[in-house]
Amino acid sequence: MCVAALSGLSLLTYAQQPAKKPLDHSVYDGWQSIGSKSISNNGQWIVYTVTPQEGDATLFIYNNKTKQHLEAPRGANPVITEDSRYVIFAIKTPYAVTRQAKIKKKKTSEMPKDSLGIVTLATGNFFKVPSVRSFKTPEKGTGVMAYLKEKPQADTTSGHLVIQYLDKQSADTIRNVQDYQFSKTGNRLVAETVADKKDSLSRAAVLLWDVAAHKADTISRGTALRKQFAFDDAGKQLAWCSSRDSVKALQHFYALYYYRQGQDSGIITADKGNAAFPANWSVSPDGKVWFSENGQRLFFGTAPVAPPKDTNIVDFEVAKVDIWNYKDDYLQPMQLKNLDKELKRSYQAVYYPGSKKVIQLADKDMENLATADKGNSPYALGYTDKGQRVSMQWTGHSLKTSYLVNLQDGNRKLLQQNLDSVSRISPAGRYITWYNLQQKQWYAYETATGTTRNITEKIPVSLSEEDDDHPDMPAPYGIAAWLEDDKAVYIYDRYDIWQVDPSGKSAPQLLTAGYGREQKLRFRYVKLDKEARFINAGEQMLLETFNETTKENGFYTTNSTFKKSPVKPSLVVMGPYSYSDPVKAENADNYIFTRANYVSSPDLYTATSLDKAEQISHINPQQKEYNWGTAELFKWTAYNGKPAEGILYKPEDFDSTKKYPVLLYFYEKLSEGLYNYMPPAPTPSRLNISFFVSRGYLVLAPDISYENGYPGQGAYDYIVSGARALAANPWADSLHMGIQGQSWGGYQVAHLITRTSLFKAAWAGAPVANMTSAYGGIRWESGMNRQFQYERSQSRIGATLWEKPELYIENSPLFHLPKVTTPLAIMSNDADGAVPWYQGIELFTGLRRLGKPVWMLNYNNEAHNLIHRQNRKDIQRREQQFFDHFLKNAPAPEWMEVGVPATEKGRNWGWETE
């Protein structure tokens with residue numbers, strides 16, 4: 001179906017428009033966003049999905065020449081073929097149908113199945129295949145794709161693989177396929193088949209399908225556990241891991257199989273007992289198998305052989321105990337959190353098909369390996385933090401030791417010990433770079449000569465974060481990219497980009513001519529070709545640009561090299577919008593991107609030049625029916641005498657002759673998001689700003705700066721001063737002001753109500769109440785100890801609990817609760833992996849003991865930020881009722897007035913008012 005572009009709409013004057021509705025809780029599910037988006041290589045076709053928050057998405061295919069749309073209901077995961085001739089996508093089962101099947105608890109085989117859609121772009125012809133489990137296309141090939149059809153009423157892992165020849169409109173089928181994969185160019189396809197008791201002709205095997213010849217060769221026979229199929233780029237070599245042991249065996253020994261065109265079958269090239277492996281190691285099925293770009297190296301993973309499970313042990317007679325030892329590298333919770341990852345950890349090795357040589361590259365003394373030049377380089381970077389992991393408890397990170405690894409023989413050369421940042425290997429493998437946090441300089445090690453150089457000592461500005469206010473060494477702004485063949489590296493400062501010669505032969509050049517610092521413009525490189533390893537000499541670089549003063553966003557361009565002196569970047573477009581990273585057509589100067597601000601949804605645009613964009617999607621037309629809002633910068637002077645700024649949100653129908661209740665929402669610094677769109681969505685526990693603004697609230701989001709040791713004072717200096725500066729306006733109701741924050745924002749809420757009675761209501765999500773008890777606790781989502789957070793990170797105390805206990809007490813709300821006069825609602829969940837929920841309990845029970853009005857919501861088995869949508873909807877309703885009661889004098893709901901007894905849990909939500 002073709003849909004014409006919207007045009008010729010007549011506009012009514014504001015006076016003629018009926019009063020717009022405030023947002024309510026019914027709007028969430030239908031509010032839309034742009035999902036996946038892509039552009040064809042020739043730039044003519046754009047495919048994108050429009051997705052509601054809950055319900056069925058719609059896929060659109062847009063023709064850049066005719067300006068027309070094709071629409072596919074419930075389309076998902078679209079792929080445009082390499083030749084720009086077809087769009088292939090999944091067609092999801094209707095949301096309502098799937099929901100009903102789940103309610104009826106249908107078996108997997110009875111659940112509704114997705115379909116496959118194929119659109120021929122030149123004609124608009126549509127081909128649909130029902131009951132398709134998956135589909136794949138070659139990364140760089142054309143004319144062919146494959147899909148796996150479900151077996152009727154079969155609850156198995158296999159299906160029938162259909163190889164579809166798109167141009168010829170013909171197909172071949174391989175039965176009982178469990179896994180399949182195309183080569184990069186699509187000339188070959190590997191398919192693993194399994195035996196099916198209901199199919200007497202089925203056999204377990206590995207088949208290599210010749211796409212041009214329409215035939216398969218059997219390159220491995222028999223039942224086996226097979227994983228990690230990988231082709232080389234030319235499609236002439238294939239490798240995989242395989243174990244002939246029974247699925248029920250207590251131990252599985254894997255081998256690396258290798259096949260080259262012309263062989264009768266795959267051969268074992270490495271297995272248990274290989275002389276290159278450490279004792280009792282074997283091939284790991286969890287290690288990635290891949291070929292270097294030139295096909296001369298085959299990389300794979302190895303690991304120690306896991307001992308067999310002792311079947312003589314009776315589970316219910318075994319003690320269940322975790323043993324914490326002070327010598328452990330990682331705390332037990334962190335070990336348990338990463339248990340599956342560690343059980344699947346593999347160590348990289350390489351096989352040379354030409355010489356049939358195997359070399360073990362990584363091991364337990366150097367676990368990590370980073371290759372260069374797509375595996376072609378003779379060198380790799382190895383690194384480890386072994387011996388430096390205990391200090392992670394109080395630093396939050398570990399020091400690294402790095403090595404230069406020779407891929408020809410596996411030899412290692414020590415580069416750096418106990419480095420306080422991460423090393424990286426350059427794209428061509430000619431240099432290893434790292435940043436020294438103490439010296440605030442970038443270094444480069446030249447792999448050919450073994451020479452180490454400070455490559456940025458002549459740069460006169462800071463290369464680490466200038467405005468970082470944590471009690472730790474500031475991080476670098478980073479590396480943008482490399483010039484072709486590693487001839488130069490592009491390094492960021494706060495605003496500009498420097499072109500640096502890693503060989504040291506020429507001095508650093510300011511690529512952007514200092515224009516960024518002069519104009520307070522932050523330039524950052526946009527990589528348009530995701531596969532490119534380098535920036536080519538003379539290439540025009542697209543720079544994403546942010547104006548620190550106005551908060552506007554846009555793009556500039558600059559040349560990657562210059563003949564005599566740097567030239568200031570050229571403006572493409574800047575404005576009061578936020579942009580997604582542009583996506584460029586591979587073979588045409590056509591781009592797609594989303595553009596938005598607080599008033600406009602992030603719609604999709606297309607352009608041949610980013611300053612002349614054409615809008616092609618029109619999501620959320622229903623927004624015009626609702627009282628929306630505006631966003632503007634608000635500036636004042638903080639109590640510490642420093643300039644302060646934040647975002648002030650006002651209702652669309654704002655009337656300066658009226659008074660409005662005020663909410664303040666904060667975290668650290670939020671003003672960079674001045675032009676972000678905020679859909680009315682049930683939030684994970686943050687303030688739903690657009691919802692409250694629509695319903696007649698002013699919302700101020702102040703930026704906050706901190707001094708080491710006094711995070712609470714920093715919050716007070718900026719938030720309270722901002723609230724009072726706003727209250728100086730006659731339209732801001734100083735007697736009806738509330739505050740809301742989540743996590744670090746929740747802590748600041750809890751602290752502020754011990755410092756001031758300015759706020760009439762407060763809501764704290766996942767707050768820390770007692771830094772002394774939280775200090776030694778565990779962040780359960782990672783298993784890490786919380787000490788680092790207080791000493792060096794967000795909490796900004798800058799000292800241990802024993803060095804400065806007075807700062808921990810001064811900044812802990814718990815010790816100052818008698819001063820609280822503000823009613824407080826707390827969200828603290830029993831599965832919170834960041835802030836232990838007992839922090840909320842300490843805060844609640846303390847205020848309850850003192851007779852202060854306080855409520856606490858514990859969403860069972862929920863995380864730090866709410867995950868489940870039904871819980872997000874619930875907290876949104878309660879936040880509205882809470883603030884409406886205290887700031888708008890609305891009746892208190894039952895959950896606030898009398899509570900909800902445990903005997904009524906799940907039957908009475910307490911939303912009703914008396």
# chains A, B, ... in the order shown; residues from 1 in each chain; ligands from 1
>>> select_by_dssp(residues="stretch 780-837 of chain A", states="helix (DSSP H, G or I)", output="list in words")
Gln787, Phe788, Gln789, Tyr790, Glu791, Pro805, Glu806, Leu807, Tyr808, Ile809, Glu810, Pro813, Leu814, Phe815, His816, Leu817, Pro818 and Lys819 of chain A
>>> residues_around(residues="A:Arg85", least_positions_apart="5", cutoff="7 Å", atoms="only C-alpha atoms", output="number ranges by chain")
A: 120-122
>>> residues_around(residues="A:Val405", least_positions_apart="4", cutoff="12 Å", atoms="only C-alpha atoms", output="mmCIF file with C-alpha atoms, in the first residue's frame")
data_model
loop_
_atom_site.group_PDB
_atom_site.id
_atom_site.type_symbol
_atom_site.label_atom_id
_atom_site.label_comp_id
_atom_site.auth_asym_id
_atom_site.auth_seq_id
_atom_site.Cartn_x
_atom_site.Cartn_y
_atom_site.Cartn_z
ATOM 1 C CA GLN A 348 43.025 -17.574 22.487
ATOM 2 C CA ALA A 349 45.152 -19.848 20.325
ATOM 3 C CA ILE A 359 50.364 -21.811 18.974
ATOM 4 C CA GLN A 360 48.845 -21.061 22.364
ATOM 5 C CA LEU A 361 48.732 -17.262 22.658
ATOM 6 C CA ALA A 362 46.907 -16.484 25.912
ATOM 7 C CA MET A 366 47.787 -13.218 30.323
ATOM 8 C CA ASN A 368 43.288 -11.174 27.132
ATOM 9 C CA LEU A 369 44.465 -10.716 23.562
ATOM 10 C CA ALA A 370 43.612 -7.972 21.056
ATOM 11 C CA THR A 371 44.637 -8.502 17.425
ATOM 12 C CA ALA A 372 45.116 -5.880 14.704
ATOM 13 C CA SER A 377 49.205 -8.188 11.707
ATOM 14 C CA PRO A 378 52.186 -10.165 13.046
ATOM 15 C CA TYR A 379 51.580 -8.588 16.466
ATOM 16 C CA ALA A 380 48.827 -8.557 19.053
ATOM 17 C CA LEU A 381 48.346 -6.835 22.408
ATOM 18 C CA GLY A 382 48.095 -9.055 25.457
ATOM 19 C CA TYR A 383 47.097 -7.810 28.885
ATOM 20 C CA ASP A 409 55.758 -17.906 17.725
ATOM 21 C CA GLY A 410 53.663 -16.721 20.703
ATOM 22 C CA ASN A 411 56.575 -14.898 22.366
ATOM 23 C CA ARG A 412 55.672 -12.007 24.678
ATOM 24 C CA LYS A 413 57.495 -8.771 25.399
ATOM 25 C CA LEU A 414 56.584 -6.849 28.547
ATOM 26 C CA LEU A 415 55.402 -3.322 27.734
ATOM 27 C CA ILE A 425 46.690 -1.677 19.569
ATOM 28 C CA GLY A 429 49.286 -3.091 14.466
ATOM 29 C CA ILE A 432 50.418 0.223 21.144
ATOM 30 C CA THR A 447 56.129 -2.457 17.441
#
>>> closest_residue(among="A:Lys669, A:Ser694, A:Leu752, A:Leu843", to="A:Tyr716", atoms="only C-alpha atoms")
A:Leu752
>>> residues_around(residues="stretch 615-620 of chain A", least_positions_apart="3", cutoff="6 Å", atoms="only C-alpha atoms", output="list in words")
Gln32, Asp603, Leu604, Tyr605 and Gln623 of chain A
>>> write_last_selection(atoms="C-alpha atoms", output="PDB file, in the first residue's frame")
ATOM      1  CA  GLN A  32       5.612   5.614  19.488  1.00  0.00           C
ATOM      2  CA  ASP A 603      11.281  11.448  13.791  1.00  0.00           C
ATOM      3  CA  LEU A 604      13.323   9.995  10.956  1.00  0.00           C
ATOM      4  CA  TYR A 605      14.879  12.306   8.362  1.00  0.00           C
ATOM      5  CA  GLN A 623       0.596  14.681  20.886  1.00  0.00           C
TER       6      GLN A 623
END
>>> select_by_dssp(residues="stretch 407-459 of chain A", states="strand (DSSP E or B)", output="list in words")
Arg412, Lys413, Leu414, Leu415, Gln416, Gln417, Asn418, Leu419, Arg424, Ile425, Tyr431, Ile432, Thr433, Trp434, Tyr435, Asn436, Gln441, Trp442, Tyr443, Ala444, Tyr445, Glu446, Thr451, Thr452, Arg453 and Asn454 of chain A
>>> write_last_selection(atoms="N, CA and C atoms", output="compact mmCIF listing (two decimals), in the first residue's frame")
# COMPACT_ATOMS: atom_id res chain seq x y z
N ARG A 412 56.20 -13.23 24.10
CA ARG A 412 55.67 -12.01 24.68
C ARG A 412 56.79 -11.08 25.12
N LYS A 413 56.56 -9.78 24.91
CA LYS A 413 57.50 -8.77 25.40
C LYS A 413 56.75 -7.85 26.35
N LEU A 414 57.24 -7.70 27.56
CA LEU A 414 56.58 -6.85 28.55
C LEU A 414 56.64 -5.39 28.10
N LEU A 415 55.47 -4.73 28.11
CA LEU A 415 55.40 -3.32 27.73
C LEU A 415 55.24 -2.43 28.95
N GLN A 416 54.20 -2.66 29.73
CA GLN A 416 53.89 -1.82 30.88
C GLN A 416 53.42 -2.68 32.04
N GLN A 417 53.89 -2.35 33.23
CA GLN A 417 53.39 -3.01 34.43
C GLN A 417 52.58 -2.02 35.26
N ASN A 418 51.49 -2.53 35.84
CA ASN A 418 50.66 -1.74 36.75
C ASN A 418 50.21 -0.42 36.14
N LEU A 419 49.73 -0.50 34.91
CA LEU A 419 49.25 0.69 34.21
C LEU A 419 47.87 1.05 34.71
N ARG A 424 45.79 -0.02 23.98
CA ARG A 424 45.10 -0.41 22.75
C ARG A 424 46.12 -0.58 21.63
N ILE A 425 45.83 -1.49 20.73
CA ILE A 425 46.69 -1.68 19.57
C ILE A 425 46.08 -0.93 18.39
N TYR A 431 51.45 0.26 16.35
CA TYR A 431 51.65 0.94 17.64
C TYR A 431 50.74 0.38 18.71
N ILE A 432 51.24 0.44 19.96
CA ILE A 432 50.42 0.22 21.14
C ILE A 432 50.32 1.57 21.85
N THR A 433 49.11 2.02 22.15
CA THR A 433 48.94 3.32 22.81
C THR A 433 48.32 3.13 24.19
N TRP A 434 48.63 4.06 25.08
CA TRP A 434 47.99 4.10 26.40
C TRP A 434 48.07 5.52 26.95
N TYR A 435 47.21 5.77 27.94
CA TYR A 435 47.16 7.08 28.59
C TYR A 435 47.64 6.91 30.02
N ASN A 436 48.60 7.74 30.42
CA ASN A 436 49.10 7.72 31.80
C ASN A 436 48.30 8.73 32.62
N GLN A 441 49.25 12.16 29.97
CA GLN A 441 49.85 12.15 28.64
C GLN A 441 49.57 10.82 27.94
N TRP A 442 49.52 10.90 26.59
CA TRP A 442 49.39 9.70 25.76
C TRP A 442 50.78 9.21 25.34
N TYR A 443 50.95 7.88 25.37
CA TYR A 443 52.20 7.26 24.96
C TYR A 443 51.92 6.28 23.81
N ALA A 444 52.95 6.06 22.99
CA ALA A 444 52.86 5.09 21.90
C ALA A 444 54.13 4.25 21.87
N TYR A 445 53.95 2.95 21.76
CA TYR A 445 55.05 2.01 21.60
C TYR A 445 55.06 1.53 20.15
N GLU A 446 56.19 1.69 19.47
CA GLU A 446 56.31 1.29 18.07
C GLU A 446 56.72 -0.18 17.99
N THR A 451 60.42 1.21 20.36
CA THR A 451 60.58 2.54 20.94
C THR A 451 59.27 3.03 21.56
N THR A 452 59.38 3.58 22.77
CA THR A 452 58.22 4.17 23.45
C THR A 452 58.37 5.69 23.45
N ARG A 453 57.29 6.41 23.12
CA ARG A 453 57.34 7.87 23.04
C ARG A 453 56.15 8.49 23.76
N ASN A 454 56.41 9.62 24.41
CA ASN A 454 55.33 10.49 24.86
C ASN A 454 54.92 11.30 23.64
>>> atom_distance(atom1="atom CA of A:Phe60", atom2="atom CA of A:Val132")
20.7 Å
>>> residues_around(residues="A:Ile739", least_positions_apart="2", cutoff="10 Å", atoms="only C-alpha atoms", output="PDB file with C-alpha atoms, in the first residue's frame")
ATOM      1  CA  VAL A 662       7.036  23.166  41.297  1.00  0.00           C
ATOM      2  CA  LEU A 663       8.941  19.887  41.130  1.00  0.00           C
ATOM      3  CA  LEU A 664      12.725  19.671  41.090  1.00  0.00           C
ATOM      4  CA  TYR A 665      14.323  16.606  39.512  1.00  0.00           C
ATOM      5  CA  PHE A 666      18.094  16.124  39.584  1.00  0.00           C
ATOM      6  CA  LEU A 687      10.324  11.674  37.370  1.00  0.00           C
ATOM      7  CA  VAL A 699       9.833  21.196  36.624  1.00  0.00           C
ATOM      8  CA  LEU A 700      13.382  22.431  37.236  1.00  0.00           C
ATOM      9  CA  ILE A 719      19.308  22.574  44.275  1.00  0.00           C
ATOM     10  CA  ALA A 723      14.500  26.386  43.884  1.00  0.00           C
ATOM     11  CA  MET A 737       7.473  22.765  45.878  1.00  0.00           C
ATOM     12  CA  GLY A 741      15.378  11.830  42.588  1.00  0.00           C
ATOM     13  CA  GLY A 745      19.307  11.657  43.096  1.00  0.00           C
ATOM     14  CA  GLY A 746      17.457   9.692  45.789  1.00  0.00           C
ATOM     15  CA  GLN A 748      20.327  13.917  47.520  1.00  0.00           C
ATOM     16  CA  VAL A 749      16.576  14.043  48.219  1.00  0.00           C
ATOM     17  CA  ALA A 750      17.125  12.286  51.559  1.00  0.00           C
ATOM     18  CA  LEU A 752      18.081  17.841  51.477  1.00  0.00           C
ATOM     19  CA  ILE A 753      15.069  17.183  53.694  1.00  0.00           C
ATOM     20  CA  PHE A 759       9.951  21.469  50.160  1.00  0.00           C
ATOM     21  CA  LYS A 760       6.437  20.335  50.918  1.00  0.00           C
ATOM     22  CA  ALA A 761       6.922  16.783  49.566  1.00  0.00           C
ATOM     23  CA  ALA A 762       9.856  14.573  48.621  1.00  0.00           C
ATOM     24  CA  TRP A 763      10.265  11.295  46.731  1.00  0.00           C
ATOM     25  CA  ALA A 764      13.504   9.296  46.976  1.00  0.00           C
ATOM     26  CA  LEU A 824       8.844  11.455  52.189  1.00  0.00           C
ATOM     27  CA  PHE A 883       2.610  14.979  44.613  1.00  0.00           C
TER      28      PHE A 883
END
>>> residues_around(residues="A:Glu897", least_positions_apart="2", cutoff="12 Å", atoms="only C-alpha atoms", output="list in words")
Pro853, Val854, Trp855, Gln881, Phe882, His885, Pro891, Ala892, Pro893, Glu894, Trp895, Gly899, Val900, Gly910, Trp911, Glu912, Thr913 and Glu914 of chain A
>>> write_last_selection(atoms="N, CA and C atoms", output="PDB file, in the first residue's frame")
ATOM      1  N   PRO A 853       5.975  11.640  58.669  1.00  0.00           N
ATOM      2  CA  PRO A 853       5.190  11.003  57.602  1.00  0.00           C
ATOM      3  C   PRO A 853       6.114  10.401  56.544  1.00  0.00           C
ATOM      4  N   VAL A 854       6.072   9.088  56.389  1.00  0.00           N
ATOM      5  CA  VAL A 854       6.971   8.401  55.466  1.00  0.00           C
ATOM      6  C   VAL A 854       6.286   7.145  54.936  1.00  0.00           C
ATOM      7  N   TRP A 855       6.531   6.840  53.663  1.00  0.00           N
ATOM      8  CA  TRP A 855       6.006   5.650  53.006  1.00  0.00           C
ATOM      9  C   TRP A 855       7.153   4.969  52.265  1.00  0.00           C
ATOM     10  N   GLN A 881      -0.251  10.632  42.522  1.00  0.00           N
ATOM     11  CA  GLN A 881      -1.135  10.796  43.673  1.00  0.00           C
ATOM     12  C   GLN A 881      -0.414  11.461  44.842  1.00  0.00           C
ATOM     13  N   PHE A 882       0.849  11.091  45.049  1.00  0.00           N
ATOM     14  CA  PHE A 882       1.633  11.643  46.158  1.00  0.00           C
ATOM     15  C   PHE A 882       1.836  13.146  45.983  1.00  0.00           C
ATOM     16  N   HIS A 885      -1.388  15.257  46.018  1.00  0.00           N
ATOM     17  CA  HIS A 885      -1.932  15.454  47.359  1.00  0.00           C
ATOM     18  C   HIS A 885      -1.236  16.603  48.083  1.00  0.00           C
ATOM     19  N   PRO A 891      -7.111  14.802  47.309  1.00  0.00           N
ATOM     20  CA  PRO A 891      -7.328  13.839  48.388  1.00  0.00           C
ATOM     21  C   PRO A 891      -6.222  12.781  48.404  1.00  0.00           C
ATOM     22  N   ALA A 892      -5.881  12.310  49.591  1.00  0.00           N
ATOM     23  CA  ALA A 892      -4.876  11.262  49.718  1.00  0.00           C
ATOM     24  C   ALA A 892      -5.480   9.919  49.363  1.00  0.00           C
ATOM     25  N   PRO A 893      -4.789   9.103  48.570  1.00  0.00           N
ATOM     26  CA  PRO A 893      -5.297   7.769  48.265  1.00  0.00           C
ATOM     27  C   PRO A 893      -5.181   6.854  49.480  1.00  0.00           C
ATOM     28  N   GLU A 894      -5.828   5.724  49.372  1.00  0.00           N
ATOM     29  CA  GLU A 894      -5.880   4.781  50.490  1.00  0.00           C
ATOM     30  C   GLU A 894      -4.495   4.303  50.907  1.00  0.00           C
ATOM     31  N   TRP A 895      -3.600   4.067  49.907  1.00  0.00           N
ATOM     32  CA  TRP A 895      -2.272   3.550  50.267  1.00  0.00           C
ATOM     33  C   TRP A 895      -1.480   4.537  51.102  1.00  0.00           C
ATOM     34  N   GLY A 899      -2.859   2.739  54.330  1.00  0.00           N
ATOM     35  CA  GLY A 899      -1.993   1.636  53.967  1.00  0.00           C
ATOM     36  C   GLY A 899      -2.745   0.480  53.332  1.00  0.00           C
ATOM     37  N   VAL A 900      -2.012  -0.528  52.892  1.00  0.00           N
ATOM     38  CA  VAL A 900      -2.579  -1.739  52.298  1.00  0.00           C
ATOM     39  C   VAL A 900      -2.025  -2.931  53.069  1.00  0.00           C
ATOM     40  N   GLY A 910      -4.926   0.074  46.666  1.00  0.00           N
ATOM     41  CA  GLY A 910      -4.906   1.274  47.499  1.00  0.00           C
ATOM     42  C   GLY A 910      -4.902   2.574  46.731  1.00  0.00           C
ATOM     43  N   TRP A 911      -5.324   2.528  45.470  1.00  0.00           N
ATOM     44  CA  TRP A 911      -5.304   3.746  44.655  1.00  0.00           C
ATOM     45  C   TRP A 911      -6.500   4.663  44.943  1.00  0.00           C
ATOM     46  N   GLU A 912      -7.564   4.080  45.451  1.00  0.00           N
ATOM     47  CA  GLU A 912      -8.795   4.851  45.614  1.00  0.00           C
ATOM     48  C   GLU A 912      -8.651   5.865  46.747  1.00  0.00           C
ATOM     49  N   THR A 913      -9.373   6.966  46.605  1.00  0.00           N
ATOM     50  CA  THR A 913      -9.402   7.981  47.661  1.00  0.00           C
ATOM     51  C   THR A 913     -10.624   7.765  48.529  1.00  0.00           C
ATOM     52  N   GLU A 914     -10.511   8.161  49.801  1.00  0.00           N
ATOM     53  CA  GLU A 914     -11.638   8.002  50.727  1.00  0.00           C
ATOM     54  C   GLU A 914     -12.790   8.885  50.300  1.00  0.00           C
TER      55      GLU A 914
END
>>> residues_around(residues="stretch 724-735 of chain A", least_positions_apart="3", cutoff="6 Å", atoms="only C-alpha atoms", output="ChimeraX atom specification")
/A:656,658-661,721
>>> write_last_selection(atoms="C-alpha atoms", output="compact mmCIF listing (two decimals), in the first residue's frame")
# COMPACT_ATOMS: atom_id res chain seq x y z
CA SER A 656 2.48 34.09 33.79
CA LYS A 658 -1.04 32.14 37.47
CA LYS A 659 0.91 30.26 40.13
CA TYR A 660 2.20 26.77 39.41
CA PRO A 661 3.37 24.03 41.79
CA SER A 721 19.48 27.92 45.51
>>> closest_residue(among="A:Lys852, A:Arg389, A:Lys568, A:Lys804", to="A:Ala513", atoms="only C-alpha atoms")
A:Lys568
>>> atom_distance(atom1="atom CA of A:Pro308", atom2="atom CA of A:Leu331")
25.9 Å
>>> atom_distance(atom1="atom CA of A:Gln713", atom2="atom CA of A:Ser782")
29.3 Å
>>> closest_residue(among="A:Thr185, A:Asn64, A:Thr51, A:Gln169", to="A:Tyr591", atoms="only C-alpha atoms")
A:Asn64
>>> closest_atom_pairs(of="stretch 335-400 of chain A", to="stretch 263-282 of chain A", cutoff="12 Å", atoms="only C-alpha atoms", output="tab-separated table")
residue	atom	partner	partner_atom	distance
A:Ser346	CA	A:Ser282	CA	9.9
A:Tyr347	CA	A:Trp281	CA	10.2
A:Gln348	CA	A:Phe277	CA	10.7
A:Ala349	CA	A:Phe277	CA	8.7
A:Val350	CA	A:Ala270	CA	10.0
A:Tyr351	CA	A:Thr269	CA	7.8
A:Tyr352	CA	A:Thr269	CA	9.6
A:Pro353	CA	A:Thr269	CA	8.8
A:Gly354	CA	A:Thr269	CA	11.8
A:Ser355	CA	A:Thr269	CA	11.2
A:Lys356	CA	A:Thr269	CA	7.5
A:Lys357	CA	A:Thr269	CA	8.8
A:Val358	CA	A:Ala276	CA	6.2
A:Ile359	CA	A:Ala276	CA	5.7
A:Gln360	CA	A:Ala276	CA	5.8
A:Leu361	CA	A:Ala276	CA	9.5
A:Ala362	CA	A:Phe277	CA	10.2
A:Asp363	CA	A:Pro278	CA	8.4
A:Lys364	CA	A:Pro278	CA	10.1
A:Asp365	CA	A:Pro278	CA	12.0
>>> write_last_selection(atoms="N, CA and C atoms", output="short mmCIF file (atom, residue, chain, number, x, y, z; two decimals), in the first residue's frame")
data_model
loop_
_atom_site.label_atom_id
_atom_site.label_comp_id
_atom_site.auth_asym_id
_atom_site.auth_seq_id
_atom_site.Cartn_x
_atom_site.Cartn_y
_atom_site.Cartn_z
N SER A 346 37.64 -18.74 27.87
CA SER A 346 38.58 -19.42 26.99
C SER A 346 39.79 -18.53 26.76
N TYR A 347 40.86 -19.14 26.26
CA TYR A 347 42.12 -18.45 26.05
C TYR A 347 42.53 -18.64 24.59
N GLN A 348 42.87 -17.54 23.93
CA GLN A 348 43.02 -17.57 22.49
C GLN A 348 44.28 -18.34 22.05
N ALA A 349 44.07 -19.12 20.99
CA ALA A 349 45.15 -19.85 20.33
C ALA A 349 44.99 -19.63 18.83
N VAL A 350 46.01 -20.05 18.05
CA VAL A 350 45.95 -19.86 16.60
C VAL A 350 46.46 -21.10 15.90
N TYR A 351 45.82 -21.42 14.78
CA TYR A 351 46.24 -22.52 13.93
C TYR A 351 46.60 -21.95 12.56
N TYR A 352 47.75 -22.38 12.04
CA TYR A 352 48.20 -21.96 10.71
C TYR A 352 47.92 -23.08 9.71
N PRO A 353 46.89 -22.91 8.86
CA PRO A 353 46.56 -23.97 7.91
C PRO A 353 47.72 -24.35 6.99
N GLY A 354 48.56 -23.35 6.61
CA GLY A 354 49.66 -23.63 5.68
C GLY A 354 50.70 -24.56 6.28
N SER A 355 51.12 -24.29 7.51
CA SER A 355 52.16 -25.08 8.16
C SER A 355 51.60 -26.11 9.13
N LYS A 356 50.28 -26.07 9.36
CA LYS A 356 49.61 -26.96 10.32
C LYS A 356 50.17 -26.80 11.74
N LYS A 357 50.60 -25.58 12.04
CA LYS A 357 51.18 -25.28 13.35
C LYS A 357 50.13 -24.68 14.28
N VAL A 358 50.12 -25.11 15.54
CA VAL A 358 49.24 -24.57 16.57
C VAL A 358 50.08 -23.82 17.61
N ILE A 359 49.66 -22.60 17.97
CA ILE A 359 50.36 -21.81 18.97
C ILE A 359 49.36 -21.33 20.02
N GLN A 360 49.67 -21.60 21.27
CA GLN A 360 48.84 -21.06 22.36
C GLN A 360 49.30 -19.62 22.63
N LEU A 361 48.38 -18.67 22.53
CA LEU A 361 48.73 -17.26 22.66
C LEU A 361 48.46 -16.70 24.05
N ALA A 362 47.29 -17.00 24.60
CA ALA A 362 46.91 -16.48 25.91
C ALA A 362 46.85 -17.63 26.91
N ASP A 363 46.96 -17.28 28.19
CA ASP A 363 46.84 -18.29 29.24
C ASP A 363 46.44 -17.60 30.53
N LYS A 364 46.52 -18.27 31.65
CA LYS A 364 46.05 -17.71 32.92
C LYS A 364 46.94 -16.57 33.43
N ASP A 365 48.14 -16.44 32.89
CA ASP A 365 49.01 -15.32 33.26
C ASP A 365 48.80 -14.10 32.36
#
